[in-house]
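Everything on this sheet refers to the single structure shown next.
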Number of protein chains: 4
Amino acid sequence: MSYNLLKGKKGIIFGALDEKSMAWRTALRCHEEGAQLVLTNAPVALRMGEINKLAELVKAPVIGADVVNMDDLKKLFEESLKHFGGKIDFILHSVGMSLNVRKGKHYTELDYGFNQKTMDISALSLHRVLRTAWDLDALNEWSSVVALTYIAAQRVFPDYSEMADAKALLESITRSFGYHYALKNKTRINTVSQSPTRTTAGSGVKGFDGFITYAEKMSPLGNATADQCADFCAAMFSDLTRMVTMQNLFHDGGFSNTGVSQAVIEQMERGNI
Amino acid sequence: MSYNLLKGKKGIIFGALDEKSMAWRTALRCHEEGAQLVLTNAPVALRMGEINKLAELVKAPVIGADVVNMDDLKKLFEESLKHFGGKIDFILHSVGMSLNVRKGKHYTELDYGFNQKTMDISALSLHRVLRTAWDLDALNEWSSVVALTYIAAQRVFPDYSEMADAKALLESITRSFGYHYALKNKTRINTVSQSPTRTTAGSGVKGFDGFITYAEKMSPLGNATADQCADFCAAMFSDLTRMVTMQNLFHDGGFSNTGVSQAVIEQMERGNI
Amino acid sequence: MSYNLLKGKKGIIFGALDEKSMAWRTALRCHEEGAQLVLTNAPVALRMGEINKLAELVKAPVIGADVVNMDDLKKLFEESLKHFGGKIDFILHSVGMSLNVRKGKHYTELDYGFNQKTMDISALSLHRVLRTAWDLDALNEWSSVVALTYIAAQRVFPDYSEMADAKALLESITRSFGYHYALKNKTRINTVSQSPTRTTAGSGVKGFDGFITYAEKMSPLGNATADQCADFCAAMFSDLTRMVTMQNLFHDGGFSNTGVSQAVIEQMERGNI
Amino acid sequence: MSYNLLKGKKGIIFGALDEKSMAWRTALRCHEEGAQLVLTNAPVALRMGEINKLAELVKAPVIGADVVNMDDLKKLFEESLKHFGGKIDFILHSVGMSLNVRKGKHYTELDYGFNQKTMDISALSLHRVLRTAWDLDALNEWSSVVALTYIAAQRVFPDYSEMADAKALLESITRSFGYHYALKNKTRINTVSQSPTRTTAGSGVKGFDGFITYAEKMSPLGNATADQCADFCAAMFSDLTRMVTMQNLFHDGGFSNTGVSQAVIEQMERGNI
């Protein structure tokens, strides 16, 4: 079902790895809603080749860019402006990576070199993207930026480890840059705090299965899917949400405001036997 | 501009007083988006007669109901179900009243009888509405309820007085009932925390003008208008936001996450001279 | 161990029912720290007679007062001022009661008459107490008021039912009155959000045992005891915390900022077998 | 006035620059309360020589350590353990530095090399300190760690720039490490979010004077002083607050929960003339 909600709008989607990715589903949804797109990801992710399938489906060019490389980002925005023949209306930032998590380093034993990379790729990258757009005056008035985040930025989920800190930093950058971009350009910047989702990226986290079940039982509506996240992002990119900015929006089936659910209590009682 | 976002959906709008009301603007917007509506307000508000203009514009019946009267609410829902020939997809709760504020009673000198009325009309009314719908099984799966609120529920704005407490109670009811209604029916219930708006209701608050200017200067995007609030409510009633529940959503141009703005600091410095 | 932290200070303790009560433990602790006390509770609670044991231990008079009766409260404060021969330095509000919870009424089937009583006794009572003190000018400069609350004010714990709404209201009153009392008198007003505790009052809540175990496993430091709560209240009444006001302070072993603990995940996995 | 609240306790104080520093005042206060101390700061700060005055007053050794250097931190903890002849009971982390702020780089024009240093010194340093203590098993059971922070971690104060992001990261590290240290050792870790204070460090921030006046007028109790912050830290290091962990505690005269004050509104109205 399409509403033409994004007709005439132009957007850049960061982070579509494969068809389970939230960025992938969001690209599809935005295309359905009438948007023109540019897809981008890190060169190493592009080499996996999956993104070309998506590019075909949404009729979008793929422009590689390392999000910690300012030259790459400049090239990405310049080529996008040229491709669109105009400024950009929305950006999805769905980027995160932790070598410490991947390599099973415990939070109390972080490799600080890896940690710096995690912060740079998963959080500072948003600053770099916004600053590149700012310098090139690449965003239209009333444009909308969404970065995907997770509730570990507010509460501890032990296995999420340093990614929690990266998401807290990402959410702070969203507020800080959101203030300045609102004044300059009426641009709004928000994070969407999504339910845990069985994406290829997510499945690297230790204990992810036990955890996703817990979240499902704790959320009165269940976990939000990647397609539902895509729907919500489309709404956030549309003109219907122009005055929402500098917010962290929980898209999580009610998880964040549920202290405990009946289903969790019952499951725990079974565990007592 | 219409996207047919609410095509086929049926909704009840509480609290359209006159054309400045957020409920009024939301009714217009939902109508544009293809929804069928029932309008309701307290008998005393209906006697002002303005609502009939709106009824004509959105082709909706007006059914009077006192929100603290369970018989009235039952009748409202029964007649709505009959009128629609089916269940209800969305509800806007835009209801609030404080005799203590109207009569200029200071927060430290509340009349407790008035206070009880304030809580009943402005907060418990949401429980009464939801419970009536629950008992009649009047809501469709994936239906959406929005109640309008204000950031005074989180932080003190002295002149807002006991209405702050009423809004805190309203937001808690939203979470509490949201949990149960999600499990029963996939219904989602949220509050939208809107910028101060020059409505007829809002203008009753002492010091409202000074305050609205402050909010305008403090919000990087400026204050959200009633029409922008209507846009956002339409998005919240649509199928794009199904997994957002039990949340308080700030629709305020960034006010809530701005500690201080350059504009406020400058204005205060001028006040020093 | 005593530090003489409250030497020379005079306080009123509301809500000491029996020796498990947080108010009881706090009275003992404040007495140890050198404070003079007045104990108060509802006439019906006094008839149980336990409080006289406490009165003897802490050498304090017991003055009955129904917290919803302004005459009772006036008498309580007048007699306290007389007993102390001076103004009051601190107040503990540990008062809550829900007939709907006691009688097993589900949240979706509240008796609204009971509900009004719950709000009046559990939340508005704080306003009534503060307002009585205000009118009699009964509090010293830099005095400190603590009301006990629970995290259900922020997140849903289904069995806690309407008490969640009452606590949300209580916390809002704390902020609202806290603003005015700070300006008038440098008085600070805060809520302490305590772990679930096996008190006589708490044990009336359905499913309380399953729930307290869950909280214990979810809190990295375990649940805070009533004695530990008493310690914390003593710190809040002391001169060391003068600039903390209008806050909700979690005294909960880390529960509030833990998304999930390893212990909960493991228990749930056992429940799968 | 001393309560002997910290009698027998041993603590390390990071960041006492001169007598206006919050760390300096806290060291004095902890000494008065009976604690034994070790003072530490970066070698460059030590060269200013002021800290020796403090060392004399509180009878503590000064051990230089660069907080981003793991060897320095190891040496600091080893020497402290030796000096104390036992494990450590509390730590104050009062460390922050931003070259971008100092050099007047706007938030949209950050030098990313400086930014990385800001994060490393102002936020990651807490991780490094805790991890060093963890590896050496240097903390007693029920020990207490406080890191000083600022409300810019939650809301934008434009001139605070990237330090806001650093504080958000610091608060996340507090929660993350707080979880693990509670399980291991019953150690609690919290941040204290202090009013803006005229310290030597604070005065480097552009527009600091206008801002401190704003905060003073916005806070019902006024801004908290460095001495009051020291009092509160002493309470947080004492045994009275054992079950508070992973929290951000506002010590700010009510600023954080005040939406607007009468004083700010009035000052702004004067600015209109």
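Simple scheme: letters A, B, ... for chains in structure tokens order, numbers from 1 for residues in each chain, numbers from 1 for ligands in the order shown.
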Counting only C-alpha atoms, chain D residues within 7 Å of chain A, as a list in words: Thr108, Arg131, Ala153, Val156, Asp165, Ala168, Leu169, Ser172, Ile173, Arg175 and Ser176 of chain D
Taking C-alpha atoms for each residue, export the selection above as a tab-separated table (two decimals), in the first residue's frame.
chain	number	residue	atom	x	y	z
D	108	THR	CA	29.31	22.34	13.43
D	131	ARG	CA	39.02	-0.87	34.76
D	153	ALA	CA	23.99	15.53	28.54
D	156	VAL	CA	21.22	21.38	24.48
D	165	ASP	CA	28.32	14.67	24.01
D	168	ALA	CA	26.34	11.84	27.70
D	169	LEU	CA	29.07	9.30	27.05
D	172	SER	CA	26.45	5.90	29.82
D	173	ILE	CA	29.79	4.52	31.00
D	175	ARG	CA	25.55	2.90	33.94
D	176	SER	CA	27.41	0.24	31.97
Give me the least-squares superposed chain C (reference chain D; all C-alpha atoms paired in order) as a compact mmCIF listing (two decimals) with C-alpha atoms, in the first residue's frame.
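This is the output file superposed_20.txt:
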# COMPACT_ATOMS: atom_id res chain seq x y z
CA MET C 1 30.67 20.90 61.09
CA SER C 2 31.75 17.28 60.88
CA TYR C 3 29.73 14.14 61.39
CA ASN C 4 32.62 11.66 60.99
CA LEU C 5 30.59 10.33 58.11
CA LEU C 6 33.63 9.00 56.28
CA LYS C 7 35.70 7.94 59.26
CA GLY C 8 38.06 5.15 58.28
CA LYS C 9 37.27 5.51 54.59
CA LYS C 10 39.93 5.97 51.92
CA GLY C 11 39.37 7.86 48.72
CA ILE C 12 41.03 9.14 45.56
CA ILE C 13 40.12 12.59 44.32
CA PHE C 14 40.69 13.36 40.63
CA GLY C 15 40.77 16.91 39.31
CA ALA C 16 41.49 19.41 42.09
CA LEU C 17 42.95 22.32 40.13
CA ASP C 18 42.61 25.27 42.48
CA GLU C 19 40.50 26.32 45.43
CA LYS C 20 37.45 27.01 43.29
CA SER C 21 37.38 23.44 41.91
CA MET C 22 34.60 21.14 42.95
CA ALA C 23 37.21 18.43 43.47
CA TRP C 24 39.15 20.74 45.81
CA ARG C 25 36.08 21.53 47.89
CA THR C 26 35.15 17.86 47.97
CA ALA C 27 38.61 16.88 49.17
CA LEU C 28 38.34 19.38 52.00
CA ARG C 29 34.89 18.15 52.95
CA CYS C 30 35.85 14.48 52.87
CA HIS C 31 38.86 15.24 55.02
CA GLU C 32 36.64 17.01 57.54
CA GLU C 33 34.41 13.94 57.56
CA GLY C 34 37.32 11.77 58.56
CA ALA C 35 38.44 10.27 55.25
CA GLN C 36 42.03 9.62 54.21
CA LEU C 37 42.78 10.85 50.73
CA VAL C 38 45.05 10.60 47.73
CA LEU C 39 44.98 13.54 45.34
CA THR C 40 45.66 13.18 41.66
CA ASN C 41 45.64 15.28 38.54
CA ALA C 42 47.32 15.46 35.17
CA PRO C 43 51.05 16.29 35.24
CA VAL C 44 50.38 19.58 33.43
CA ALA C 45 47.86 20.59 36.10
CA LEU C 46 50.23 19.61 38.88
CA ARG C 47 52.88 21.96 37.50
CA MET C 48 50.65 24.89 38.43
CA GLY C 49 51.54 23.91 41.98
CA GLU C 50 48.29 24.93 43.67
CA ILE C 51 47.45 21.36 44.59
CA ASN C 52 50.28 21.24 47.12
CA LYS C 53 48.39 23.70 49.30
CA LEU C 54 45.43 21.33 49.29
CA ALA C 55 47.67 18.34 49.94
CA GLU C 56 48.93 20.02 53.06
CA LEU C 57 45.45 20.91 54.26
CA VAL C 58 44.12 17.39 53.85
CA LYS C 59 47.37 15.61 54.67
CA ALA C 60 47.31 13.64 51.42
CA PRO C 61 49.97 12.63 48.95
CA VAL C 62 49.71 13.93 45.39
CA ILE C 63 50.23 11.33 42.70
CA GLY C 64 50.27 12.59 39.15
CA ALA C 65 48.47 10.58 36.49
CA ASP C 66 47.38 11.22 32.97
CA VAL C 67 43.85 9.75 32.87
CA VAL C 68 44.32 8.45 29.36
CA ASN C 69 47.50 6.59 30.22
CA MET C 70 46.93 3.11 31.58
CA ASP C 71 50.41 2.86 33.05
CA ASP C 72 49.93 6.09 34.97
CA LEU C 73 46.61 4.86 36.31
CA LYS C 74 48.09 1.55 37.35
CA LYS C 75 50.85 3.34 39.20
CA LEU C 76 48.33 5.65 40.85
CA PHE C 77 46.25 2.79 42.18
CA GLU C 78 49.22 0.70 43.25
CA GLU C 79 50.75 3.59 45.16
CA SER C 80 47.39 4.48 46.68
CA LEU C 81 46.82 0.92 47.91
CA LYS C 82 50.28 1.00 49.43
CA HIS C 83 49.79 4.42 50.98
CA PHE C 84 46.45 3.46 52.50
CA GLY C 85 47.56 -0.01 53.48
CA GLY C 86 44.23 -1.25 52.24
CA LYS C 87 41.61 -0.98 49.54
CA ILE C 88 39.82 2.12 48.37
CA ASP C 89 36.30 3.16 49.45
CA PHE C 90 35.51 6.04 47.14
CA ILE C 91 36.60 7.89 44.03
CA LEU C 92 35.67 11.34 42.76
CA HIS C 93 36.04 11.79 39.00
CA SER C 94 36.02 15.48 38.18
CA VAL C 95 37.75 15.55 34.85
CA GLY C 96 36.87 17.27 31.62
CA MET C 97 38.58 19.15 28.85
CA SER C 98 37.65 20.26 25.37
CA LEU C 99 40.16 21.83 23.01
CA ASN C 100 37.34 22.56 20.58
CA VAL C 101 35.58 24.67 23.22
CA ARG C 102 38.78 26.35 24.33
CA LYS C 103 39.71 27.29 20.80
CA GLY C 104 36.23 28.53 20.00
CA LYS C 105 35.47 25.91 17.35
CA HIS C 106 31.72 25.88 16.73
CA TYR C 107 29.86 22.59 17.18
CA THR C 108 29.31 22.35 13.45
CA GLU C 109 33.04 22.79 12.80
CA LEU C 110 34.64 20.47 15.30
CA ASP C 111 38.20 19.37 14.84
CA TYR C 112 37.78 15.61 15.02
CA GLY C 113 41.23 15.07 16.45
CA PHE C 114 40.41 17.41 19.31
CA ASN C 115 37.03 15.74 19.65
CA GLN C 116 38.60 12.36 20.15
CA LYS C 117 40.79 13.83 22.90
CA THR C 118 37.74 15.38 24.54
CA MET C 119 35.96 12.04 24.64
CA ASP C 120 39.04 10.24 25.85
CA ILE C 121 39.87 12.68 28.65
CA SER C 122 36.34 13.62 29.71
CA ALA C 123 34.51 10.31 29.38
CA LEU C 124 36.59 7.26 28.55
CA SER C 125 38.88 8.23 31.42
CA LEU C 126 36.18 6.98 33.79
CA HIS C 127 36.25 3.60 32.08
CA ARG C 128 40.04 3.54 32.32
CA VAL C 129 40.00 4.40 36.02
CA LEU C 130 37.36 1.79 36.84
CA ARG C 131 39.01 -0.85 34.76
CA THR C 132 42.37 -0.25 36.41
CA ALA C 133 40.74 -0.57 39.82
CA TRP C 134 38.94 -3.72 38.64
CA ASP C 135 42.10 -5.37 37.41
CA LEU C 136 43.95 -4.60 40.64
CA ASP C 137 40.92 -5.51 42.77
CA ALA C 138 41.50 -2.15 44.40
CA LEU C 139 38.02 -1.27 45.63
CA ASN C 140 36.38 -2.38 48.83
CA GLU C 141 32.92 -3.91 48.89
CA TRP C 142 30.27 -1.21 49.02
CA SER C 143 32.68 1.36 47.65
CA SER C 144 31.25 4.42 45.90
CA VAL C 145 32.29 6.25 42.73
CA VAL C 146 30.98 9.67 41.73
CA ALA C 147 31.66 11.41 38.42
CA LEU C 148 30.65 15.03 37.97
CA THR C 149 28.49 15.82 34.98
CA TYR C 150 26.19 18.50 33.59
CA ILE C 151 22.60 18.60 32.32
CA ALA C 152 23.87 19.34 28.80
CA ALA C 153 23.99 15.54 28.55
CA GLN C 154 20.17 15.66 28.37
CA ARG C 155 19.39 19.06 26.82
CA VAL C 156 21.22 21.39 24.49
CA PHE C 157 23.13 24.38 25.87
CA PRO C 158 24.68 25.63 22.65
CA ASP C 159 27.94 26.98 24.06
CA TYR C 160 28.66 23.77 25.92
CA SER C 161 29.20 22.21 22.48
CA GLU C 162 30.91 18.82 22.29
CA MET C 163 31.26 18.65 26.08
CA ALA C 164 27.55 17.76 26.07
CA ASP C 165 28.33 14.68 24.01
CA ALA C 166 31.24 13.82 26.30
CA LYS C 167 28.99 14.05 29.36
CA ALA C 168 26.35 11.85 27.70
CA LEU C 169 29.07 9.30 27.06
CA LEU C 170 30.33 9.63 30.63
CA GLU C 171 26.85 8.98 32.00
CA SER C 172 26.46 5.91 29.81
CA ILE C 173 29.79 4.52 31.00
CA THR C 174 28.59 5.11 34.55
CA ARG C 175 25.56 2.91 33.93
CA SER C 176 27.42 0.24 31.97
CA PHE C 177 30.30 -0.15 34.39
CA GLY C 178 27.96 0.35 37.32
CA TYR C 179 26.09 -2.80 36.38
CA HIS C 180 29.21 -4.94 36.31
CA TYR C 181 30.84 -3.45 39.39
CA ALA C 182 27.68 -3.92 41.44
CA LEU C 183 27.66 -7.61 40.63
CA LYS C 184 31.36 -8.07 41.29
CA ASN C 185 31.85 -5.98 44.35
CA LYS C 186 28.68 -4.18 45.50
CA THR C 187 30.41 -1.03 44.24
CA ARG C 188 28.04 1.76 43.23
CA ILE C 189 28.74 4.28 40.47
CA ASN C 190 26.74 7.45 39.92
CA THR C 191 27.03 10.84 38.28
CA VAL C 192 26.19 14.08 40.04
CA SER C 193 24.77 16.67 37.66
CA GLN C 194 25.83 19.91 39.25
CA SER C 195 24.65 23.50 38.66
CA PRO C 196 27.02 25.59 36.55
CA THR C 197 29.74 26.80 38.90
CA ARG C 198 32.29 29.58 38.52
CA THR C 199 35.32 27.33 38.56
CA THR C 200 38.48 28.02 36.61
CA ALA C 201 37.55 25.21 34.22
CA GLY C 202 33.97 26.41 33.76
CA SER C 203 34.96 29.96 33.04
CA GLY C 204 36.59 28.88 29.78
CA VAL C 205 33.17 28.36 28.22
CA LYS C 206 31.98 31.20 25.96
CA GLY C 207 28.91 33.01 27.25
CA PHE C 208 29.39 31.45 30.66
CA ASP C 209 28.37 34.52 32.62
CA GLY C 210 25.07 35.04 30.83
CA PHE C 211 24.42 31.41 31.22
CA ILE C 212 25.18 31.16 34.93
CA THR C 213 22.77 34.04 35.58
CA TYR C 214 20.08 32.28 33.59
CA ALA C 215 20.58 29.09 35.61
CA GLU C 216 20.46 31.06 38.85
CA LYS C 217 17.14 32.65 37.91
CA MET C 218 15.72 29.39 36.63
CA SER C 219 16.55 27.36 39.75
CA PRO C 220 14.04 27.76 42.59
CA LEU C 221 16.83 27.29 45.15
CA GLY C 222 19.42 29.11 43.05
CA ASN C 223 22.58 27.48 41.71
CA ALA C 224 24.29 24.94 43.94
CA THR C 225 27.76 26.05 45.03
CA ALA C 226 30.95 23.98 44.92
CA ASP C 227 30.78 23.59 48.71
CA GLN C 228 27.25 22.29 48.52
CA CYS C 229 28.35 19.87 45.81
CA ALA C 230 31.08 18.70 48.17
CA ASP C 231 28.49 18.06 50.89
CA PHE C 232 26.41 16.01 48.50
CA CYS C 233 29.40 14.00 47.32
CA ALA C 234 30.27 13.24 50.94
CA ALA C 235 26.75 11.85 51.41
CA MET C 236 27.17 9.76 48.27
CA PHE C 237 30.45 8.34 49.56
CA SER C 238 28.96 7.50 52.95
CA ASP C 239 27.24 4.27 53.95
CA LEU C 240 23.87 6.03 53.90
CA THR C 241 23.48 5.77 50.15
CA ARG C 242 24.59 2.21 49.45
CA MET C 243 21.70 1.18 47.25
CA VAL C 244 21.83 4.12 44.82
CA THR C 245 23.67 3.10 41.70
CA MET C 246 23.79 3.74 37.94
CA GLN C 247 21.94 6.99 38.52
CA ASN C 248 22.38 10.55 37.35
CA LEU C 249 21.57 12.73 40.36
CA PHE C 250 20.66 16.35 39.77
CA HIS C 251 22.24 18.62 42.36
CA ASP C 252 21.02 21.84 40.85
CA GLY C 253 18.55 23.71 43.05
CA GLY C 254 15.64 22.38 41.04
CA PHE C 255 16.81 23.61 37.62
CA SER C 256 16.28 20.29 35.85
CA ASN C 257 12.58 20.05 36.63
CA THR C 258 11.71 23.70 36.20
CA GLY C 259 10.19 24.44 32.79
CA VAL C 260 10.30 28.16 33.34
CA SER C 261 10.47 30.32 36.45
CA GLN C 262 8.64 33.50 37.22
CA ALA C 263 12.03 35.25 37.42
CA VAL C 264 13.00 34.26 33.90
CA ILE C 265 9.66 35.31 32.44
CA GLU C 266 9.96 38.70 34.15
CA GLN C 267 13.51 39.26 32.99
CA MET C 268 12.49 38.41 29.43
CA GLU C 269 9.58 40.82 29.59
CA ARG C 270 11.96 43.58 30.62
CA GLY C 271 14.02 42.66 27.56
CA ASN C 272 11.01 43.44 25.36
CA ILE C 273 10.85 47.07 26.25
Those in stretch 61-214 of chain C with strand (DSSP E) from DSSP, as a PyMOL selection string: chain C and resi 88-93+139-149+188-194
DSSP says helix (DSSP H, G or I) for which residues of stretch 62-198 of chain B? Put them as an MDAnalysis selection string? chainID B and resid 70:84 99:102 107:109 112:135 151:153 158:160 162:185
For the selection just defined, write its residues with C-alpha atoms to a file, as a JSON list (two decimals), in the first residue's frame.
[["chain", "number", "residue", "atom", "x", "y", "z"],
["B", 70, "MET", "CA", -20.45, 6.75, 32.10],
["B", 71, "ASP", "CA", -23.98, 6.66, 30.66],
["B", 72, "ASP", "CA", -23.15, 9.50, 28.28],
["B", 73, "LEU", "CA", -20.00, 7.73, 27.17],
["B", 74, "LYS", "CA", -21.82, 4.47, 26.64],
["B", 75, "LYS", "CA", -24.41, 6.21, 24.51],
["B", 76, "LEU", "CA", -21.66, 7.99, 22.57],
["B", 77, "PHE", "CA", -19.91, 4.74, 21.69],
["B", 78, "GLU", "CA", -23.10, 2.85, 20.94],
["B", 79, "GLU", "CA", -24.31, 5.55, 18.60],
["B", 80, "SER", "CA", -20.90, 5.83, 16.98],
["B", 81, "LEU", "CA", -20.74, 2.09, 16.33],
["B", 82, "LYS", "CA", -24.16, 2.30, 14.79],
["B", 83, "HIS", "CA", -23.35, 5.37, 12.72],
["B", 84, "PHE", "CA", -20.14, 3.83, 11.38],
["B", 99, "LEU", "CA", -11.66, 25.77, 37.72],
["B", 100, "ASN", "CA", -8.75, 26.56, 40.03],
["B", 101, "VAL", "CA", -6.80, 28.03, 37.11],
["B", 102, "ARG", "CA", -9.83, 29.84, 35.73],
["B", 107, "TYR", "CA", -1.27, 26.29, 43.44],
["B", 108, "THR", "CA", -0.71, 26.59, 47.19],
["B", 109, "GLU", "CA", -4.36, 27.52, 47.72],
["B", 112, "TYR", "CA", -9.87, 20.63, 46.60],
["B", 113, "GLY", "CA", -13.37, 20.24, 45.25],
["B", 114, "PHE", "CA", -12.34, 22.02, 42.05],
["B", 115, "ASN", "CA", -9.15, 19.97, 42.01],
["B", 116, "GLN", "CA", -11.07, 16.74, 42.02],
["B", 117, "LYS", "CA", -13.11, 17.98, 39.07],
["B", 118, "THR", "CA", -9.94, 18.94, 37.23],
["B", 119, "MET", "CA", -8.52, 15.44, 37.67],
["B", 120, "ASP", "CA", -11.80, 13.83, 36.72],
["B", 121, "ILE", "CA", -12.38, 15.88, 33.57],
["B", 122, "SER", "CA", -8.78, 16.26, 32.40],
["B", 123, "ALA", "CA", -7.30, 12.87, 33.26],
["B", 124, "LEU", "CA", -9.70, 10.22, 34.53],
["B", 125, "SER", "CA", -11.90, 10.98, 31.52],
["B", 126, "LEU", "CA", -9.36, 9.09, 29.41],
["B", 127, "HIS", "CA", -9.78, 6.04, 31.62],
["B", 128, "ARG", "CA", -13.56, 6.34, 31.37],
["B", 129, "VAL", "CA", -13.45, 6.61, 27.57],
["B", 130, "LEU", "CA", -11.12, 3.64, 27.18],
["B", 131, "ARG", "CA", -13.02, 1.53, 29.64],
["B", 132, "THR", "CA", -16.31, 2.23, 27.90],
["B", 133, "ALA", "CA", -14.74, 1.22, 24.59],
["B", 134, "TRP", "CA", -13.27, -1.88, 26.26],
["B", 135, "ASP", "CA", -16.59, -2.98, 27.72],
["B", 151, "ILE", "CA", 5.38, 19.27, 29.17],
["B", 152, "ALA", "CA", 4.23, 20.69, 32.52],
["B", 153, "ALA", "CA", 3.71, 17.01, 33.34],
["B", 158, "PRO", "CA", 4.15, 27.90, 37.62],
["B", 159, "ASP", "CA", 1.05, 29.36, 36.00],
["B", 160, "TYR", "CA", -0.02, 25.98, 34.65],
["B", 162, "GLU", "CA", -2.77, 21.94, 38.98],
["B", 163, "MET", "CA", -3.16, 21.21, 35.26],
["B", 164, "ALA", "CA", 0.44, 19.95, 35.43],
["B", 165, "ASP", "CA", -0.64, 17.32, 37.93],
["B", 166, "ALA", "CA", -3.65, 16.45, 35.78],
["B", 167, "LYS", "CA", -1.42, 15.94, 32.74],
["B", 168, "ALA", "CA", 0.99, 13.75, 34.74],
["B", 169, "LEU", "CA", -1.98, 11.65, 35.75],
["B", 170, "LEU", "CA", -3.23, 11.55, 32.15],
["B", 171, "GLU", "CA", 0.14, 10.32, 30.92],
["B", 172, "SER", "CA", 0.23, 7.61, 33.56],
["B", 173, "ILE", "CA", -3.25, 6.42, 32.59],
["B", 174, "THR", "CA", -2.01, 6.32, 29.00],
["B", 175, "ARG", "CA", 0.76, 3.93, 29.97],
["B", 176, "SER", "CA", -1.35, 1.82, 32.31],
["B", 177, "PHE", "CA", -4.28, 1.35, 29.97],
["B", 178, "GLY", "CA", -1.93, 1.15, 27.00],
["B", 179, "TYR", "CA", -0.39, -2.00, 28.43],
["B", 180, "HIS", "CA", -3.73, -3.76, 28.82],
["B", 181, "TYR", "CA", -5.21, -2.58, 25.54],
["B", 182, "ALA", "CA", -2.13, -3.69, 23.60],
["B", 183, "LEU", "CA", -2.50, -7.21, 24.97],
["B", 184, "LYS", "CA", -6.23, -7.36, 24.38],
["B", 185, "ASN", "CA", -6.52, -5.73, 21.04]]
